[in-house]
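What follows is a set of notes on a single structure, which appears directly below.
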Amino acid sequence: MIPEDKALSATTDPFVGDKAEQDSVLIDYEGLGRSRPIESNWHRAWRRFKANRVALIALLVTIAIVLFAILAPVVSYITGYTYYENHLGEKLAAPGQDGYILGSDGNGRDVLTRLAYGGRVSLLVAGLAVISLLLLGGLIGSVAGYFGGWVDTLLMRAADVLLSIPTLVLLILVSSFYRPDPWELAVLIALVSWAGISRLVRGEVISLKHREFVDASRVIGASNSRIILRHLLPNVVPILIVWASLAVPSLILTEATLSYLGLGVQAPQPSWGNMLQEAKQFVRQSWSFVFIPGLMIFITSLCTYLVGLGLRDALDPRLNN
Amino acid sequence: MIGFIVRRLLQMVPLLLGVTFLTFAIVNFVPGSPVSTMQLNPKARPEDIERITQNLGLDKPWYERYLNWLGDLLRGDMGLSLTNYTPVTDRILGVLPNTLLLTCTSLALALLIAVPLGVISAVKHNSWFDQIATVIVTALAAIPSFWMGLLLIILFAVKFKDWGLPYLPASGMQDMRSAGGIADRIEHLILPASALAIVQIAGWTRFIRASMLETIGQDYIRTAQAKGLPARAVMYGHAFRNALLPLVTLVGLALPEVFGGAYLIEQIFAWNGLGRLTLNATQSNDYTLIMGATLFFAFLTMFGNLLADILYSIADPRISAGRARR
């Protein structure tokens with residue numbers, strides 16, 4: 001008998017593409033001759049991603065922005081300003097004036113320092129929201145797809161209801177009664193927008209659940225939760241990665257929009273969105289103060305989107321060789 | 001055809017019930033109620049608050065309130081706005097024409113740019129035009145609409161004025177002093193409609209390019225080319241018309257998104273529409289108005305989906321044949 005983990009490791013390979021590829025992997029694991037190393041799929045994806053120069057540059061810029069946000073205290077140390085300290089005598093300084101590298105805002109706070117701290121909020125919310133969405137949408141989608149029947153009907157009708165109100169409208173409805181902190185905001189976004197990803201996972205699980213490896217694991221006595229978590233979900237991983245990387249830019253825009261409307265993160269804590277909201281009243285005095293936070297949102301959402309496109313091309317099994 | 005429409009309408013009923021329940025649940029189970037702000041007001045006496053609570057029916061259990069609210073809704077009564085005690089329906093319908101004017105203008109503007117851009121990109125697939133268009137479209141998709149709006153204001157309203165050029169008004173729907181004619185109205189419409197159009201261009205162009213590319217790959221296009229038709233006639237006579245068919249559907253599906261985009265743009269340009277009404281309602285905790293506006297959006301989405309299905313089955317006989325069998 002084949003040891004269980006060895007027999008199953010072939011099926012947990014996240015790159016189950018076409019039938020032929022799957023078969024060749026299975027044959028390899030049975031020791032009839034290994035034509036390529038086990039990790040080749042991830043290596044190949046990385047090799048393909050590296051070859052895409054636009055995606056690579058976008059990845060570097062994204063990493064730089066993340067570092068800028070993580071190192072906000074260092075930025076604060078270098079500029080010599082905190083994000084909350086007012087200098088009412090030095091309002092709306094132009095970039096470079098009075099020692100404000102990117103200028104100061106309507107309360108005389110340093111824009112560069114606030115930008116770094118604001119980035120923390122924007123990226124934290126987008127990151128947490130995408131993780132909660134993957135967990136929630138992945139769970140709901142796989143449960144609906146795997147069990148079918150009334151469970152499926154109930155969950156998918158709920159998804160239909162969510163899909164018939166634009167996400168932004170729902171979020172505005174919720175946050176107008178309740179002002180969330182970044183963590184709650186991320187969970188809130190996930191709670192109103194899991195419908196899309198759960199449908200995707202459901203479709204994939206339905207197409208997977210009648211494959212032989214699922215029957216095989218059921219025969220050797222695997223429980224439903226084990227089949228879902230160990231055998232079905234890993235096969236959905238590439239799709240989830242691509243979906244997640246393309247969802248991040250839109251989540252960054254969602255967070256910025258809510259903060260801009262004053263419904264997201266509350267002052268004095270900066271986020272790129274609420275910096276823009278504050279800047280709005282000074283459009284006639286200072287264009288740089290409006291321009292800079294928006295530019296950060298734009299660059300971040302553009303670069304994460306380009307990374308997402310690169311990942312999709314690198315992971316898409318249809319493009320294999 | 002009529003059977004199909006009736007069936008689709010019946011399918012909408014459970015969905016609508018779900019939407020009303022969700023809206024009600026969010027408003028009622030999220031902490032904070034319309035009286036909680038009144039409780040902070042030192043002038044409000046406890047008995048007043050008690051009375052208002054009773055008037056609003058907030059002392060009854062939630063299922064009773066839900067059924068009452070649903071019953072009123074069926075009679076077209078969305079309740080009274082809590083800020084000025086006029087019917088919510090009147091307030092929504094009162095600003096709806098303004099929102100329609102803004103969204104329809106922006107949609108027309110966006111399509112006017114996106115259709116040629118998408119079609120030429122597809123016809124000249126992989127050319128320098130296609131590549132530049134792709135770069136522009138990708139960049140446009142990442143721009144936050146409110147930032148675009150603010151930048152337009154800075155350039156065309158503030159800077160043009162500073163430079164002594166003819167400038168555009170930055171906010172409002174018409175000039176306050178001169179009660180404005182049509183020209184004044186149009187002047188006020190240009191900036192918000194452009195801002196809303198610019199953020200839509202990306203999606204439309206991508207869609208039209210993909211649709212056109214798919215059509216060009218069809219057999220009947222090869223047939224048309226094989227029988228010696230000039231390339232222009234094949235592309236613009238045969239391919240173009242078929243590629244635009246799915247656009248009909250997409251306009252229906254995009255309705256809620258276009259209206260949602262108007263939320264922000266109206267706020268920035270002080271455009272007296274549905275979005276501005278709703279956002280002001282969120283600031284004053286006017287929960288009947290917010291619920292009304294949310295429901296309106298849900299209706300709009302479902303109506304858009306229905307419209308898309310109907311239009312598509314009229315436009316494309318292959319689809320309606322498939323539907324009839326289902």
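Lettering and numbering for the structure tokens are positional, with chains as A, B, ... in the shown order, residues counted from 1 in each chain, and ligands counted from 1 in the shown order.
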
Subject >> Selection: 8 Å around range 212-225 of chain B, only C-alpha atoms, excl. self and same-chain fewer than 3 positions, as a PyMOL selection string >> reply: chain B and resi 118-119+122-123+208-209+228-231+234-235+238-240+242-244

Interface residues on chain A facing chain B, 7 Å, only C-alpha atoms, written as a PDB file with C-alpha atoms, in the first residue's frame:
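File written: result_9.pdb
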```pdb
ATOM      1  CA  VAL A 161     -28.946  39.485  -2.235  1.00  0.00           C
ATOM      2  CA  SER A 164     -27.914  43.244  -5.823  1.00  0.00           C
ATOM      3  CA  ILE A 165     -26.796  46.166  -3.660  1.00  0.00           C
ATOM      4  CA  PRO A 166     -23.553  47.859  -4.765  1.00  0.00           C
ATOM      5  CA  VAL A 169     -23.735  51.592  -0.917  1.00  0.00           C
ATOM      6  CA  LEU A 173     -25.149  52.148   5.041  1.00  0.00           C
ATOM      7  CA  VAL A 174     -23.249  50.190   7.704  1.00  0.00           C
ATOM      8  CA  SER A 176     -23.013  55.621   8.728  1.00  0.00           C
ATOM      9  CA  PHE A 177     -24.245  54.063  11.970  1.00  0.00           C
ATOM     10  CA  TYR A 178     -20.985  52.677  13.178  1.00  0.00           C
ATOM     11  CA  LEU A 253      -9.720  52.232  -3.463  1.00  0.00           C
ATOM     12  CA  VAL A 283      -8.093  73.226  -3.252  1.00  0.00           C
ATOM     13  CA  ARG A 284      -7.816  76.949  -3.831  1.00  0.00           C
ATOM     14  CA  TRP A 287      -2.659  71.941  -4.953  1.00  0.00           C
ATOM     15  CA  GLY A 294      -4.202  60.870  -4.219  1.00  0.00           C
ATOM     16  CA  PHE A 298      -3.084  55.881  -7.471  1.00  0.00           C
ATOM     17  CA  SER A 301      -3.495  50.636  -6.606  1.00  0.00           C
ATOM     18  CA  LEU A 302      -1.825  50.688 -10.053  1.00  0.00           C
TER      19      LEU A 302
END
```

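Considering the residues A:Arg202, A:Arg114, A:Ala55, A:Leu71 and counting only C-alpha atoms, Asn86 in chain A has its shortest atom-to-atom contact with A:Arg114.
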
**OP:** Taking the chain letters and numbering used in this document, name the residues of range 154-252 of chain B that DSSP puts in alpha helix (DSSP H), as a PyMOL selection string.
**Re:** chain B and resi 160-162+182-216+219-226+231-232+240-243+245-252

Take the residues from that selection and write them out as a PDB file, in the first residue's frame, keeping C-alpha atoms.
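Output below, filename out-v5.pdb:
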```pdb
ATOM      1  CA  PHE B 160      -7.445  78.486 -15.287  1.00  0.00           C
ATOM      2  CA  LYS B 161      -8.895  81.359 -13.284  1.00  0.00           C
ATOM      3  CA  ASP B 162      -5.443  82.242 -11.913  1.00  0.00           C
ATOM      4  CA  ILE B 182     -29.167  76.302 -20.596  1.00  0.00           C
ATOM      5  CA  ALA B 183     -25.594  77.452 -21.326  1.00  0.00           C
ATOM      6  CA  ASP B 184     -24.989  77.983 -17.613  1.00  0.00           C
ATOM      7  CA  ARG B 185     -26.403  74.539 -16.825  1.00  0.00           C
ATOM      8  CA  ILE B 186     -24.102  72.926 -19.377  1.00  0.00           C
ATOM      9  CA  GLU B 187     -21.115  74.830 -18.002  1.00  0.00           C
ATOM     10  CA  HIS B 188     -21.809  73.399 -14.565  1.00  0.00           C
ATOM     11  CA  LEU B 189     -22.305  69.915 -15.973  1.00  0.00           C
ATOM     12  CA  ILE B 190     -18.966  69.687 -17.817  1.00  0.00           C
ATOM     13  CA  LEU B 191     -16.610  69.012 -14.905  1.00  0.00           C
ATOM     14  CA  PRO B 192     -18.675  66.498 -12.899  1.00  0.00           C
ATOM     15  CA  ALA B 193     -19.744  64.605 -16.025  1.00  0.00           C
ATOM     16  CA  SER B 194     -16.142  64.448 -17.281  1.00  0.00           C
ATOM     17  CA  ALA B 195     -14.868  63.220 -13.905  1.00  0.00           C
ATOM     18  CA  LEU B 196     -17.500  60.496 -13.843  1.00  0.00           C
ATOM     19  CA  ALA B 197     -16.844  59.626 -17.501  1.00  0.00           C
ATOM     20  CA  ILE B 198     -13.064  59.373 -17.105  1.00  0.00           C
ATOM     21  CA  VAL B 199     -13.296  56.688 -14.428  1.00  0.00           C
ATOM     22  CA  GLN B 200     -15.698  54.664 -16.584  1.00  0.00           C
ATOM     23  CA  ILE B 201     -13.632  54.757 -19.774  1.00  0.00           C
ATOM     24  CA  ALA B 202     -11.235  52.028 -18.606  1.00  0.00           C
ATOM     25  CA  GLY B 203     -13.907  49.391 -18.088  1.00  0.00           C
ATOM     26  CA  TRP B 204     -15.811  50.115 -21.285  1.00  0.00           C
ATOM     27  CA  THR B 205     -12.700  50.195 -23.486  1.00  0.00           C
ATOM     28  CA  ARG B 206     -11.458  46.873 -22.116  1.00  0.00           C
ATOM     29  CA  PHE B 207     -14.821  45.280 -22.666  1.00  0.00           C
ATOM     30  CA  ILE B 208     -15.269  46.583 -26.215  1.00  0.00           C
ATOM     31  CA  ARG B 209     -11.732  45.575 -27.175  1.00  0.00           C
ATOM     32  CA  ALA B 210     -12.256  42.039 -25.862  1.00  0.00           C
ATOM     33  CA  SER B 211     -15.640  41.732 -27.523  1.00  0.00           C
ATOM     34  CA  MET B 212     -14.301  43.011 -30.851  1.00  0.00           C
ATOM     35  CA  LEU B 213     -11.296  40.658 -30.693  1.00  0.00           C
ATOM     36  CA  GLU B 214     -13.597  37.716 -30.072  1.00  0.00           C
ATOM     37  CA  THR B 215     -15.833  38.669 -32.983  1.00  0.00           C
ATOM     38  CA  ILE B 216     -12.884  39.087 -35.336  1.00  0.00           C
ATOM     39  CA  ASP B 219     -15.736  32.045 -38.917  1.00  0.00           C
ATOM     40  CA  TYR B 220     -18.072  34.453 -40.683  1.00  0.00           C
ATOM     41  CA  ILE B 221     -15.414  37.149 -40.522  1.00  0.00           C
ATOM     42  CA  ARG B 222     -12.963  34.795 -42.211  1.00  0.00           C
ATOM     43  CA  THR B 223     -15.648  34.025 -44.800  1.00  0.00           C
ATOM     44  CA  ALA B 224     -16.170  37.722 -45.452  1.00  0.00           C
ATOM     45  CA  GLN B 225     -12.430  38.192 -45.833  1.00  0.00           C
ATOM     46  CA  ALA B 226     -12.148  35.113 -48.053  1.00  0.00           C
ATOM     47  CA  ALA B 231     -10.854  45.037 -44.782  1.00  0.00           C
ATOM     48  CA  ARG B 232     -12.762  48.175 -43.870  1.00  0.00           C
ATOM     49  CA  PHE B 240     -18.256  46.061 -35.387  1.00  0.00           C
ATOM     50  CA  ARG B 241     -22.022  45.617 -35.345  1.00  0.00           C
ATOM     51  CA  ASN B 242     -21.847  42.163 -33.830  1.00  0.00           C
ATOM     52  CA  ALA B 243     -19.198  43.133 -31.314  1.00  0.00           C
ATOM     53  CA  LEU B 245     -24.276  43.534 -29.166  1.00  0.00           C
ATOM     54  CA  PRO B 246     -22.989  42.557 -25.714  1.00  0.00           C
ATOM     55  CA  LEU B 247     -22.593  46.253 -24.948  1.00  0.00           C
ATOM     56  CA  VAL B 248     -26.385  46.483 -24.709  1.00  0.00           C
ATOM     57  CA  THR B 249     -26.314  44.004 -21.839  1.00  0.00           C
ATOM     58  CA  LEU B 250     -23.421  45.665 -20.137  1.00  0.00           C
ATOM     59  CA  VAL B 251     -25.053  49.087 -20.053  1.00  0.00           C
ATOM     60  CA  GLY B 252     -27.909  47.526 -18.087  1.00  0.00           C
TER      61      GLY B 252
END
```

Subject >> Interatomic distance, CA of Ser207 in chain A to CA of Tyr146 in chain A (Å, one decimal) >> reply: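 Between CA of Ser207 in chain A and CA of Tyr146 in chain A the gap works out to 9.7 Å.
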
At most 8 Å is the cut-off: for each residue in range 233-292 of chain A with any atom that close to an atom of range 119-135 of chain A, write down the nearest atom pair and the distance in Å rounded to one decimal, counting only C-alpha atoms, chain first then increasing number, as CSV.
```
residue,atom,partner,partner_atom,distance
A:Leu240,CA,A:Leu134,CA,7.3
A:Ala244,CA,A:Val130,CA,6.3
A:Ala247,CA,A:Val130,CA,7.1
A:Val248,CA,A:Ala126,CA,6.0
A:Leu251,CA,A:Ala126,CA,5.2
A:Ile252,CA,A:Ala126,CA,5.4
A:Glu255,CA,A:Ser122,CA,6.5
A:Ala256,CA,A:Ser122,CA,7.1
A:Val265,CA,A:Val121,CA,7.9
A:Pro270,CA,A:Val121,CA,7.6
A:Ser271,CA,A:Val121,CA,5.7
A:Trp272,CA,A:Gly119,CA,6.6
```

Output N, CA and C atoms for every residue in that selection, as a short mmCIF file (atom, residue, chain, number, x, y, z; two decimals), in the first residue's frame.
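And here's selection.cif as it stands now:
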```cif
data_model
loop_
_atom_site.label_atom_id
_atom_site.label_comp_id
_atom_site.auth_asym_id
_atom_site.auth_seq_id
_atom_site.Cartn_x
_atom_site.Cartn_y
_atom_site.Cartn_z
N LEU A 240 -7.30 31.45 -6.06
CA LEU A 240 -7.43 32.37 -4.93
C LEU A 240 -6.31 33.41 -4.95
N ALA A 244 -7.04 37.24 -5.25
CA ALA A 244 -6.65 38.12 -4.14
C ALA A 244 -5.77 39.26 -4.64
N ALA A 247 -7.79 41.74 -6.22
CA ALA A 247 -8.77 42.39 -5.34
C ALA A 247 -8.11 43.49 -4.51
N VAL A 248 -6.81 43.35 -4.24
CA VAL A 248 -6.13 44.32 -3.39
C VAL A 248 -6.28 45.77 -3.91
N LEU A 251 -9.65 47.04 -3.16
CA LEU A 251 -9.87 47.23 -1.73
C LEU A 251 -9.19 48.50 -1.24
N ILE A 252 -8.01 48.81 -1.82
CA ILE A 252 -7.33 50.06 -1.46
C ILE A 252 -8.21 51.24 -1.85
N GLU A 255 -11.22 51.45 0.63
CA GLU A 255 -10.85 52.05 1.92
C GLU A 255 -10.69 53.56 1.75
N ALA A 256 -9.98 53.96 0.68
CA ALA A 256 -9.75 55.38 0.45
C ALA A 256 -11.08 56.12 0.28
N VAL A 265 -11.58 55.40 8.68
CA VAL A 265 -10.73 55.68 9.82
C VAL A 265 -10.90 57.14 10.24
N PRO A 270 -4.29 59.37 10.47
CA PRO A 270 -4.37 59.67 9.05
C PRO A 270 -4.55 58.40 8.22
N SER A 271 -5.30 58.53 7.12
CA SER A 271 -5.25 57.52 6.07
C SER A 271 -5.25 58.32 4.78
N TRP A 272 -4.82 57.73 3.69
CA TRP A 272 -4.71 58.51 2.45
C TRP A 272 -6.06 59.11 2.06
#
```

Original post:
Do you know which residues are at most 8 Å from Trp271 in chain B counting only C-alpha atoms, after dropping those on the same chain fewer than 4 positions away, and could you put them as a list in words?
Top reply: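 My list of contacting residues is Asn98, Ser171, Gly172, Met173, Ile265, Glu266, Gln267 and Arg276 of chain B.
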
Write the residues you've just listed into a file as an mmCIF file, in the first residue's frame, and include C-alpha atoms for each of them.
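File written: result-v4.cif
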```cif
data_model
loop_
_atom_site.group_PDB
_atom_site.id
_atom_site.type_symbol
_atom_site.label_atom_id
_atom_site.label_comp_id
_atom_site.auth_asym_id
_atom_site.auth_seq_id
_atom_site.Cartn_x
_atom_site.Cartn_y
_atom_site.Cartn_z
ATOM 1 C CA ASN B 98 -30.410 65.605 -11.480
ATOM 2 C CA SER B 171 -19.514 73.312 -7.851
ATOM 3 C CA GLY B 172 -23.270 73.537 -7.908
ATOM 4 C CA MET B 173 -25.734 72.993 -10.729
ATOM 5 C CA ILE B 265 -18.756 62.934 -7.776
ATOM 6 C CA GLU B 266 -21.971 64.605 -6.586
ATOM 7 C CA GLN B 267 -20.433 65.122 -3.172
ATOM 8 C CA ARG B 276 -25.345 63.841 -2.107
#
```

Original post:
Expressed in Å to a single decimal, how great is the separation between CA of Ile292 in chain A and CA of Leu276 in chain A?
Top reply: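 Answer for the CA of Ile292 in chain A to CA of Leu276 in chain A separation: 8.7 Å.
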
Original post:
Between CA of Leu311 in chain A and CA of Val214 in chain A, what is the distance, to one decimal in Å?
Top reply: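 Between CA of Leu311 in chain A and CA of Val214 in chain A the gap is 27.9 Å.
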